[in-house]
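Here is query.pdb, consisting of PDB, C-alpha atoms and all ligand atoms:
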ATOM      1  CA  MET Y  19       0.000   0.000   0.000
ATOM      2  CA  ALA Y  20       1.207   3.527  -0.761
ATOM      3  CA  GLU Y  21       2.465   5.647   2.146
ATOM      4  CA  PRO Y  22      -0.282   7.949   3.451
ATOM      5  CA  LEU Y  23       0.146  11.542   2.278
ATOM      6  CA  VAL Y  24      -0.768  12.706   5.762
ATOM      7  CA  LEU Y  25       0.210  10.810   8.899
ATOM      8  CA  ALA Y  26      -2.238  11.089  11.778
ATOM      9  CA  GLU Y  27      -1.512  10.212  15.390
ATOM     10  CA  LYS Y  28      -3.532  10.556  18.555
ATOM     11  CA  LEU Y  29      -1.269  11.579  21.427
ATOM     12  CA  GLU Y  30      -1.576  11.776  25.213
ATOM     13  CA  GLY Y  31      -3.212  14.862  26.631
ATOM     14  CA  GLY Y  32      -5.959  15.233  24.024
ATOM     15  CA  VAL Y  33      -3.700  16.203  21.122
ATOM     16  CA  GLY Y  34      -4.004  15.107  17.499
ATOM     17  CA  LEU Y  35      -0.815  15.287  15.444
ATOM     18  CA  LEU Y  36      -0.944  15.561  11.643
ATOM     19  CA  ARG Y  37       2.168  15.396   9.486
ATOM     20  CA  LEU Y  38       2.306  16.311   5.816
ATOM     21  CA  ASN Y  39       4.120  13.407   4.210
ATOM     22  CA  ARG Y  40       5.528  14.143   0.742
ATOM     23  CA  PRO Y  41       9.046  14.985   1.924
ATOM     24  CA  GLN Y  42      10.635  14.204  -1.473
ATOM     25  CA  VAL Y  43       8.868  17.291  -2.916
ATOM     26  CA  LEU Y  44       9.023  19.408   0.259
ATOM     27  CA  ASN Y  45       5.399  18.494   1.003
ATOM     28  CA  ALA Y  46       4.085  20.193  -2.134
ATOM     29  CA  LEU Y  47       0.348  20.345  -1.539
ATOM     30  CA  ASN Y  48      -1.332  18.404  -4.338
ATOM     31  CA  THR Y  49      -5.048  17.698  -4.507
ATOM     32  CA  ALA Y  50      -4.738  14.176  -3.085
ATOM     33  CA  LEU Y  51      -2.725  15.350  -0.073
ATOM     34  CA  MET Y  52      -5.133  18.189   0.700
ATOM     35  CA  LYS Y  53      -8.105  15.829   0.414
ATOM     36  CA  GLU Y  54      -6.467  13.452   2.858
ATOM     37  CA  LEU Y  55      -5.585  16.322   5.195
ATOM     38  CA  ALA Y  56      -9.182  17.572   5.125
ATOM     39  CA  GLU Y  57     -10.509  14.080   5.938
ATOM     40  CA  LYS Y  58      -8.103  13.660   8.836
ATOM     41  CA  VAL Y  59      -8.859  17.105  10.225
ATOM     42  CA  ARG Y  60     -12.584  16.285  10.116
ATOM     43  CA  GLU Y  61     -11.992  12.954  11.891
ATOM     44  CA  MET Y  62     -10.043  14.673  14.647
ATOM     45  CA  GLU Y  63     -12.642  17.418  14.879
ATOM     46  CA  ALA Y  64     -15.272  14.741  15.534
ATOM     47  CA  ASP Y  65     -13.134  12.818  18.040
ATOM     48  CA  PRO Y  66     -14.227  13.750  21.577
ATOM     49  CA  GLU Y  67     -10.850  12.747  22.992
ATOM     50  CA  ILE Y  68      -9.016  15.381  20.958
ATOM     51  CA  GLY Y  69      -8.996  19.001  22.123
ATOM     52  CA  CYS Y  70      -6.289  20.528  19.948
ATOM     53  CA  LEU Y  71      -4.495  19.651  16.683
ATOM     54  CA  VAL Y  72      -0.882  20.167  15.644
ATOM     55  CA  LEU Y  73       0.074  20.289  11.970
ATOM     56  CA  MET Y  74       3.649  19.934  10.769
ATOM     57  CA  GLY Y  75       5.686  18.783   7.790
ATOM     58  CA  ASN Y  76       7.853  15.689   7.472
ATOM     59  CA  GLY Y  77      11.353  16.096   6.082
ATOM     60  CA  ARG Y  78      13.114  19.431   5.605
ATOM     61  CA  ALA Y  79      10.091  21.714   5.129
ATOM     62  CA  PHE Y  80       6.627  22.504   6.388
ATOM     63  CA  ALA Y  81       5.368  22.862   2.797
ATOM     64  CA  ALA Y  82       6.871  24.576  -0.272
ATOM     65  CA  GLY Y  83       3.456  25.465  -1.666
ATOM     66  CA  ALA Y  84       0.761  24.064  -3.891
ATOM     67  CA  ASP Y  85       2.080  21.442  -6.307
ATOM     68  CA  ILE Y  86       3.379  23.410  -9.293
ATOM     69  CA  GLN Y  87       3.728  20.271 -11.411
ATOM     70  CA  GLU Y  88       0.051  19.496 -10.935
ATOM     71  CA  MET Y  89      -1.121  23.059 -11.654
ATOM     72  CA  ALA Y  90       1.177  24.198 -14.451
ATOM     73  CA  GLU Y  91      -0.874  23.108 -17.475
ATOM     74  CA  LYS Y  92      -4.371  23.614 -16.062
ATOM     75  CA  SER Y  93      -6.913  25.899 -17.725
ATOM     76  CA  PRO Y  94      -9.242  28.168 -15.746
ATOM     77  CA  VAL Y  95     -12.082  25.806 -16.672
ATOM     78  CA  ASP Y  96     -10.135  22.811 -15.300
ATOM     79  CA  MET Y  97      -9.624  24.795 -12.106
ATOM     80  CA  GLU Y  98     -13.263  25.841 -11.821
ATOM     81  CA  LEU Y  99     -14.615  22.338 -12.470
ATOM     82  CA  SER Y 100     -12.174  20.408 -10.300
ATOM     83  CA  GLU Y 101     -12.100  23.064  -7.541
ATOM     84  CA  PRO Y 102      -8.672  21.922  -6.366
ATOM     85  CA  PHE Y 103      -8.717  24.196  -3.342
ATOM     86  CA  SER Y 104     -12.158  23.325  -1.972
ATOM     87  CA  SER Y 105     -10.817  20.740   0.470
ATOM     88  CA  TRP Y 106      -8.670  23.463   2.086
ATOM     89  CA  ASP Y 107     -11.856  24.884   3.644
ATOM     90  CA  ALA Y 108     -11.941  22.048   6.210
ATOM     91  CA  ILE Y 109      -8.823  23.497   7.840
ATOM     92  CA  TYR Y 110     -10.102  26.972   8.656
ATOM     93  CA  ARG Y 111     -13.618  25.698   9.372
ATOM     94  CA  CYS Y 112     -12.348  23.286  12.050
ATOM     95  CA  LYS Y 113     -13.891  24.273  15.378
ATOM     96  CA  LYS Y 114     -10.963  22.941  17.365
ATOM     97  CA  PRO Y 115      -7.747  24.958  17.542
ATOM     98  CA  ILE Y 116      -4.974  23.968  15.135
ATOM     99  CA  ILE Y 117      -1.342  24.864  15.761
ATOM    100  CA  ALA Y 118       0.980  24.943  12.745
ATOM    101  CA  ALA Y 119       4.527  23.955  13.688
ATOM    102  CA  VAL Y 120       6.608  25.380  10.868
ATOM    103  CA  HIS Y 121      10.200  24.576   9.945
ATOM    104  CA  GLY Y 122      12.210  24.965   6.758
ATOM    105  CA  TYR Y 123      10.070  26.366   3.972
ATOM    106  CA  ALA Y 124       6.502  27.582   4.415
ATOM    107  CA  LEU Y 125       5.936  29.079   0.993
ATOM    108  CA  GLY Y 126       2.904  29.949  -1.115
ATOM    109  CA  GLY Y 127       0.098  27.555  -0.267
ATOM    110  CA  GLY Y 128       2.329  26.284   2.570
ATOM    111  CA  LEU Y 129       2.213  29.652   4.329
ATOM    112  CA  GLU Y 130      -1.473  30.010   3.467
ATOM    113  CA  LEU Y 131      -2.137  26.634   5.074
ATOM    114  CA  ALA Y 132      -0.219  27.708   8.193
ATOM    115  CA  MET Y 133      -2.233  30.944   8.305
ATOM    116  CA  MET Y 134      -5.496  28.971   8.186
ATOM    117  CA  CYS Y 135      -4.387  27.459  11.476
ATOM    118  CA  ASP Y 136      -4.906  29.387  14.705
ATOM    119  CA  ILE Y 137      -1.354  29.697  15.993
ATOM    120  CA  ILE Y 138       1.953  29.401  14.141
ATOM    121  CA  VAL Y 139       5.027  28.284  16.072
ATOM    122  CA  ALA Y 140       8.203  28.539  13.992
ATOM    123  CA  ALA Y 141      11.613  26.912  14.133
ATOM    124  CA  GLU Y 142      14.577  29.303  13.852
ATOM    125  CA  ASP Y 143      15.309  27.935  10.363
ATOM    126  CA  ALA Y 144      11.835  28.672   8.971
ATOM    127  CA  LYS Y 145      11.448  30.766   5.818
ATOM    128  CA  LEU Y 146       7.956  32.103   5.276
ATOM    129  CA  GLY Y 147       6.841  33.672   2.054
ATOM    130  CA  GLN Y 148       4.388  34.120  -0.800
ATOM    131  CA  PRO Y 149       6.531  33.542  -3.919
ATOM    132  CA  GLU Y 150       3.575  33.141  -6.330
ATOM    133  CA  ILE Y 151       4.384  36.432  -8.108
ATOM    134  CA  LYS Y 152       7.542  34.784  -9.448
ATOM    135  CA  LEU Y 153       5.352  32.160 -11.145
ATOM    136  CA  GLY Y 154       3.049  34.714 -12.747
ATOM    137  CA  VAL Y 155       0.212  34.269 -10.275
ATOM    138  CA  ILE Y 156      -0.825  35.547  -6.853
ATOM    139  CA  PRO Y 157      -1.644  33.732  -3.610
ATOM    140  CA  GLY Y 158      -4.875  31.786  -4.090
ATOM    141  CA  ALA Y 159      -5.690  30.268  -0.710
ATOM    142  CA  GLY Y 160      -6.037  33.347   1.435
ATOM    143  CA  GLY Y 161      -2.560  34.902   1.275
ATOM    144  CA  THR Y 162      -3.707  38.317   0.066
ATOM    145  CA  GLN Y 163      -6.356  38.414   2.809
ATOM    146  CA  ARG Y 164      -4.882  36.694   5.865
ATOM    147  CA  LEU Y 165      -1.319  38.010   5.488
ATOM    148  CA  PRO Y 166      -2.226  41.736   5.678
ATOM    149  CA  ARG Y 167      -4.481  40.976   8.640
ATOM    150  CA  ALA Y 168      -1.532  39.289  10.356
ATOM    151  CA  VAL Y 169       1.366  41.605   9.464
ATOM    152  CA  GLY Y 170      -0.230  44.832   8.176
ATOM    153  CA  LYS Y 171      -0.380  46.290   4.673
ATOM    154  CA  ALA Y 172       3.222  47.359   4.078
ATOM    155  CA  ALA Y 173       4.882  44.084   5.065
ATOM    156  CA  ALA Y 174       2.222  42.044   3.241
ATOM    157  CA  MET Y 175       2.652  44.118   0.079
ATOM    158  CA  GLU Y 176       6.415  43.707   0.243
ATOM    159  CA  MET Y 177       6.157  39.945   0.699
ATOM    160  CA  VAL Y 178       3.525  39.381  -1.990
ATOM    161  CA  LEU Y 179       4.939  41.827  -4.567
ATOM    162  CA  THR Y 180       8.579  40.736  -4.280
ATOM    163  CA  GLY Y 181       7.921  37.087  -3.462
ATOM    164  CA  GLU Y 182      10.880  37.156  -1.064
ATOM    165  CA  PRO Y 183      10.508  35.070   2.100
ATOM    166  CA  ILE Y 184      11.068  36.370   5.611
ATOM    167  CA  SER Y 185      12.912  34.715   8.500
ATOM    168  CA  ALA Y 186      11.236  33.223  11.553
ATOM    169  CA  GLU Y 187      12.602  36.107  13.641
ATOM    170  CA  ARG Y 188      11.105  38.712  11.288
ATOM    171  CA  ALA Y 189       7.812  36.771  11.251
ATOM    172  CA  PHE Y 190       7.824  36.930  15.047
ATOM    173  CA  GLN Y 191       8.475  40.692  15.037
ATOM    174  CA  LEU Y 192       5.565  41.141  12.635
ATOM    175  CA  GLY Y 193       3.191  39.009  14.702
ATOM    176  CA  LEU Y 194       2.790  36.293  12.079
ATOM    177  CA  VAL Y 195       4.144  33.631  14.430
ATOM    178  CA  SER Y 196       3.642  33.493  18.178
ATOM    179  CA  LYS Y 197       6.932  31.870  19.114
ATOM    180  CA  VAL Y 198      10.328  31.002  17.620
ATOM    181  CA  VAL Y 199      12.157  27.954  18.954
ATOM    182  CA  ALA Y 200      15.189  25.830  18.116
ATOM    183  CA  PRO Y 201      14.401  23.300  15.354
ATOM    184  CA  GLU Y 202      15.141  20.339  17.674
ATOM    185  CA  VAL Y 203      12.404  21.366  20.101
ATOM    186  CA  LEU Y 204       9.781  22.566  17.599
ATOM    187  CA  LEU Y 205       7.506  19.553  17.936
ATOM    188  CA  GLU Y 206       7.951  19.392  21.712
ATOM    189  CA  GLU Y 207       7.054  23.092  22.090
ATOM    190  CA  ALA Y 208       4.051  22.810  19.766
ATOM    191  CA  LEU Y 209       2.787  19.762  21.654
ATOM    192  CA  LYS Y 210       3.263  21.517  25.003
ATOM    193  CA  LEU Y 211       1.156  24.418  23.748
ATOM    194  CA  ALA Y 212      -1.442  22.008  22.326
ATOM    195  CA  ARG Y 213      -1.730  20.084  25.606
ATOM    196  CA  SER Y 214      -2.167  23.332  27.505
ATOM    197  CA  ILE Y 215      -5.094  24.223  25.211
ATOM    198  CA  ALA Y 216      -6.550  20.679  25.157
ATOM    199  CA  GLU Y 217      -6.868  20.592  28.963
ATOM    200  CA  LYS Y 218      -8.904  23.794  29.047
ATOM    201  CA  PRO Y 219     -12.729  23.678  29.154
ATOM    202  CA  ARG Y 220     -13.619  22.686  25.606
ATOM    203  CA  VAL Y 221     -16.769  24.729  25.135
ATOM    204  CA  ALA Y 222     -14.980  27.902  26.234
ATOM    205  CA  VAL Y 223     -12.083  27.090  23.886
ATOM    206  CA  ARG Y 224     -14.501  26.765  20.962
ATOM    207  CA  MET Y 225     -16.199  30.041  21.820
ATOM    208  CA  ALA Y 226     -12.870  31.837  22.247
ATOM    209  CA  LYS Y 227     -11.674  30.652  18.836
ATOM    210  CA  GLU Y 228     -14.932  31.629  17.181
ATOM    211  CA  ALA Y 229     -14.927  35.059  18.834
ATOM    212  CA  ILE Y 230     -11.342  35.853  17.823
ATOM    213  CA  LEU Y 231     -12.024  34.778  14.244
ATOM    214  CA  ALA Y 232     -15.146  36.961  14.269
ATOM    215  CA  ALA Y 233     -12.859  39.936  14.934
ATOM    216  CA  PHE Y 234     -11.611  39.581  11.351
ATOM    217  CA  GLU Y 235     -15.057  39.367   9.825
ATOM    218  CA  THR Y 236     -17.194  41.934  11.629
ATOM    219  CA  PRO Y 237     -17.253  45.600  12.632
ATOM    220  CA  LEU Y 238     -16.212  46.220  16.250
ATOM    221  CA  SER Y 239     -19.760  46.716  17.528
ATOM    222  CA  GLU Y 240     -20.871  43.375  16.038
ATOM    223  CA  GLY Y 241     -17.791  41.607  17.348
ATOM    224  CA  LEU Y 242     -18.359  42.986  20.839
ATOM    225  CA  ARG Y 243     -21.980  41.888  20.721
ATOM    226  CA  PHE Y 244     -20.915  38.401  19.620
ATOM    227  CA  GLU Y 245     -18.343  38.225  22.413
ATOM    228  CA  ARG Y 246     -20.847  39.232  25.096
ATOM    229  CA  ARG Y 247     -23.421  36.691  23.893
ATOM    230  CA  ALA Y 248     -20.763  33.971  23.875
ATOM    231  CA  PHE Y 249     -19.673  35.002  27.379
ATOM    232  CA  TYR Y 250     -23.239  34.764  28.692
ATOM    233  CA  PHE Y 251     -23.771  31.469  26.836
ATOM    234  CA  LEU Y 252     -20.833  29.885  28.665
ATOM    235  CA  PHE Y 253     -22.757  30.207  31.951
ATOM    236  CA  ALA Y 254     -24.836  27.303  30.610
ATOM    237  CA  SER Y 255     -21.767  25.031  30.590
ATOM    238  CA  GLU Y 256     -20.929  22.648  33.430
ATOM    239  CA  ASP Y 257     -17.296  23.671  33.121
ATOM    240  CA  GLN Y 258     -18.066  27.313  33.950
ATOM    241  CA  LYS Y 259     -19.781  26.237  37.187
ATOM    242  CA  GLU Y 260     -16.903  23.898  38.002
ATOM    243  CA  GLY Y 261     -14.184  26.440  37.060
ATOM    244  CA  MET Y 262     -15.562  29.204  39.260
ATOM    245  CA  LYS Y 263     -16.464  26.832  42.137
ATOM    246  CA  ALA Y 264     -12.969  25.313  42.091
ATOM    247  CA  PHE Y 265     -11.455  28.798  42.268
ATOM    248  CA  MET Y 266     -13.543  29.661  45.318
ATOM    249  CA  GLU Y 267     -12.770  26.325  46.982
ATOM    250  CA  ARG Y 268      -9.054  26.805  46.230
ATOM    251  CA  ARG Y 269      -8.703  23.501  44.390
ATOM    252  CA  PRO Y 270      -7.839  22.541  40.812
ATOM    253  CA  PRO Y 271     -10.885  22.335  38.508
ATOM    254  CA  ARG Y 272     -12.083  19.039  37.021
ATOM    255  CA  PHE Y 273     -13.366  19.956  33.586
ATOM    256  CA  LYS Y 274     -15.661  17.638  31.624
ATOM    257  CA  GLY Y 275     -15.700  19.478  28.311
ATOM    258  CA  ARG Y 276     -19.408  20.176  28.655
TER     259      ARG Y 276
HETATM  260  C1  LIG E   1       6.042  20.880  -6.808
HETATM  261  C2  LIG E   1       8.015  21.139  -5.648
HETATM  262  C3  LIG E   1       7.527  22.342  -5.066
HETATM  263  C4  LIG E   1       6.212  22.780  -5.391
HETATM  264  C5  LIG E   1       9.530  21.981  -4.341
HETATM  265  N1  LIG E   1       9.244  20.963  -5.155
HETATM  266  N2  LIG E   1       8.505  22.832  -4.263
HETATM  267  N3  LIG E   1       7.269  20.419  -6.498
HETATM  268  N4  LIG E   1       5.508  22.016  -6.262
HETATM  269  N5  LIG E   1       5.652  23.886  -4.876
HETATM  270  C6  LIG E   1      10.114  19.803  -5.505
HETATM  271  C7  LIG E   1      11.232  20.186  -6.435
HETATM  272  O1  LIG E   1      10.778  20.203  -7.785
HETATM  273  C8  LIG E   1      12.214  19.069  -6.181
HETATM  274  O2  LIG E   1      11.768  17.904  -6.834
HETATM  275  C9  LIG E   1      12.051  18.819  -4.685
HETATM  276  O3  LIG E   1      10.782  19.368  -4.341
HETATM  277  C10 LIG E   1      13.120  19.518  -3.859
HETATM  278  O4  LIG E   1      13.119  20.889  -4.209
HETATM  279  P1  LIG E   1      14.423  21.678  -4.705
HETATM  280  O5  LIG E   1      13.954  22.827  -5.494
HETATM  281  O6  LIG E   1      15.402  20.755  -5.345
HETATM  282  O7  LIG E   1      15.026  22.146  -3.296
HETATM  283  P2  LIG E   1      15.870  23.456  -2.974
HETATM  284  O8  LIG E   1      16.897  23.693  -4.048
HETATM  285  O9  LIG E   1      16.312  23.316  -1.573
HETATM  286  O10 LIG E   1      14.830  24.656  -3.088
HETATM  287  C11 LIG E   1      13.739  24.730  -2.193
HETATM  288  C12 LIG E   1      12.716  25.797  -2.650
HETATM  289  C13 LIG E   1      12.288  25.480  -4.118
HETATM  290  C14 LIG E   1      13.350  27.186  -2.586
HETATM  291  C15 LIG E   1      11.538  25.740  -1.705
HETATM  292  O11 LIG E   1      11.914  24.092  -4.190
HETATM  293  C16 LIG E   1      11.133  26.290  -4.585
HETATM  294  O12 LIG E   1      11.306  27.457  -4.953
HETATM  295  N6  LIG E   1       9.936  25.711  -4.627
HETATM  296  C17 LIG E   1       8.745  26.344  -5.140
HETATM  297  C18 LIG E   1       8.201  27.322  -4.136
HETATM  298  C19 LIG E   1       6.971  28.029  -4.677
HETATM  299  O13 LIG E   1       7.035  28.737  -5.696
HETATM  300  N7  LIG E   1       5.831  27.851  -3.993
HETATM  301  C20 LIG E   1       4.572  28.422  -4.445
HETATM  302  C21 LIG E   1       3.847  27.469  -5.302
HETATM  303  S1  LIG E   1       2.369  28.188  -5.950
HETATM  304  P3  LIG E   1      12.759  17.021  -7.753
HETATM  305  O14 LIG E   1      11.865  15.966  -8.291
HETATM  306  O15 LIG E   1      13.322  17.963  -8.751
HETATM  307  O16 LIG E   1      13.775  16.521  -6.772
HETATM  308  C22 LIG E   1       1.300  28.141  -4.698
HETATM  309  C23 LIG E   1      -0.035  28.711  -4.995
HETATM  310  C24 LIG E   1      -1.009  28.519  -3.885
HETATM  311  O17 LIG E   1       1.548  27.679  -3.637
HETATM  312  C25 LIG E   1      -2.376  28.692  -4.422
HETATM  313  C26 LIG E   1      -3.448  28.279  -3.445
HETATM  314  C27 LIG E   1      -3.342  26.924  -2.927
END
As structure tokens, please, write out the structure in this file.
Amino acid sequence: MAEPLVLAEKLEGGVGLLRLNRPQVLNALNTALMKELAEKVREMEADPEIGCLVLMGNGRAFAAGADIQEMAEKSPVDMELSEPFSSWDAIYRCKKPIIAAVHGYALGGGLELAMMCDIIVAAEDAKLGQPEIKLGVIPGAGGTQRLPRAVGKAAAMEMVLTGEPISAERAFQLGLVSKVVAPEVLLEEALKLARSIAEKPRVAVRMAKEAILAAFETPLSEGLRFERRAFYFLFASEDQKEGMKAFMERRPPRFKGR
């Protein structure tokens, strides 16, 4: 049987680990790989034992972009009819947090995939960029929209118009990644972060993710209204009662995820 294009593992502490597995082509994201990734994300989303996902790349890169070989000769009609990017939607629609652990190259669709996740942790050797302009195209999976929201207009313009990648350190300064760590401890650090999220009350985690994402979609007044409703809603969860009771009784909370 052929090697899976995405390796999925369920780890201790409520964490699901997904690894892109086409290392011979720097995890170039072809349609088959993205379909498999979408299926595995959906499975983990439905798994009550998993509270947080980690996504990384096998080999020397996170992902060097969409598969150029696969795309090169396509016509717009081929693209429209096959909708090669539709399976990507499962990533940003996932209700559980996803951490991208990025090392080596995160280019083009690779960076766009990382930006669909909720947190990016980068190894010191990471190079993040949108090189599509050098191929005669532009980012097509959210790069022109999510990058300026993450780093601001000037830095996004520079990255997209020149196609030049930035270092992990620069990405940290710009707020694109939340943490930069040594390559040897990248997975360990990402898993630590994931376990810390997975042990939190699950309903509140879902609401927090949804509310932060709403900040990018709505005017402030709408976002504030959404946040307040979500805050009130959480008083219907068992974990809110337990969390506040445990605080008052000076003991650790026992969350049920309900
Ligand atoms: C297909 C790719 C690939 C890609 C690398 N490979 N990136 N194959 N699609 N995006 C393959 C190479 O052809 C090569 O295969 C093998 O991976 C190793 O790559 P090398 O180029 O030999 O490695 P290196 O010299 O270290 O250079 C690394 C690199 C370079 C700088 C990352 O590979 C590169 O520039 N890649 C393309 C990056 C890019 O333009 N990404 C954007 C794609 S467009 P062989 O068989 O020769 O060994 C895009 C649009 C998104 O992402 C639209 C929405 C989804």
Report as an MDAnalysis selection string which protein, DNA and RNA residues come within 8 Å of ligand LIG 1 (chain E), using all atoms listed in the file.
chainID Y and resid 41:48 81:88 103 123 125:128 130 148:150 152:153 155:160
On this structure, the PyMOL selection byres (((chain Y and resi 167) around 12) and not hetatm) would catch which residues? List them as a list in words, sorted by chain and number.
Met133, Gly160, Gly161, Thr162, Gln163, Arg164, Leu165, Pro166, Ala168, Val169, Gly170, Lys171, Ala172, Ala173, Ala174, Met175, Leu192, Gly193, Leu194, Leu231, Ala233, Phe234 and Glu235 of chain Y
Limited to C-alpha atoms, could you put the picked residues into a file as a short mmCIF file (atom, residue, chain, number, x, y, z; two decimals), in the coordinates of the input?
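Output (selection-v4.cif):
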data_model
loop_
_atom_site.label_atom_id
_atom_site.label_comp_id
_atom_site.auth_asym_id
_atom_site.auth_seq_id
_atom_site.Cartn_x
_atom_site.Cartn_y
_atom_site.Cartn_z
CA MET Y 133 -2.23 30.94 8.30
CA GLY Y 160 -6.04 33.35 1.44
CA GLY Y 161 -2.56 34.90 1.27
CA THR Y 162 -3.71 38.32 0.07
CA GLN Y 163 -6.36 38.41 2.81
CA ARG Y 164 -4.88 36.69 5.86
CA LEU Y 165 -1.32 38.01 5.49
CA PRO Y 166 -2.23 41.74 5.68
CA ALA Y 168 -1.53 39.29 10.36
CA VAL Y 169 1.37 41.60 9.46
CA GLY Y 170 -0.23 44.83 8.18
CA LYS Y 171 -0.38 46.29 4.67
CA ALA Y 172 3.22 47.36 4.08
CA ALA Y 173 4.88 44.08 5.07
CA ALA Y 174 2.22 42.04 3.24
CA MET Y 175 2.65 44.12 0.08
CA LEU Y 192 5.56 41.14 12.64
CA GLY Y 193 3.19 39.01 14.70
CA LEU Y 194 2.79 36.29 12.08
CA LEU Y 231 -12.02 34.78 14.24
CA ALA Y 233 -12.86 39.94 14.93
CA PHE Y 234 -11.61 39.58 11.35
CA GLU Y 235 -15.06 39.37 9.82
#
Can you work out which one of Y:Leu71, Y:Leu179, Y:Leu131, Y:Leu204 has the shortest atom-to-atom distance to Ala144 (chain Y), counting only C-alpha atoms?
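Nearest to Ala144 (chain Y): Y:Leu204.
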Can you list, as an MDAnalysis selection string, the residues that the PyMOL selection byres (((chain Y and resi 221) around 12) and not hetatm) selects here?
chainID Y and resid 66 69 113:115 215:220 222:228 248:249 251:258 273:276
CA of Ala141 (chain Y) and CA of Val120 (chain Y) are how many Å apart?
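Computing it gives 6.2 Å between the two atoms.
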As an exercise, work out the distance from CA of Ala186 (chain Y) to CA of Ile138 (chain Y) in Å and give it to one decimal place.
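Result for CA of Ala186 (chain Y) versus CA of Ile138 (chain Y): 10.4 Å, one decimal.
Interatomic distance, CA of Lys145 (chain Y) to CA of Phe190 (chain Y): 11.7 Å.
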Check what the PyMOL selection byres (((chain Y and resi 118) around 9) and not hetatm) selects in the file above and give those residues as a ChimeraX atom specification.
/Y:71-74,80,116-117,119-120,131-140,208
From the list Y:Trp106, Y:Asn76, Y:Val195, Y:Gly32, the nearest residue to Ser214 (chain Y) using only C-alpha atoms is Y:Gly32
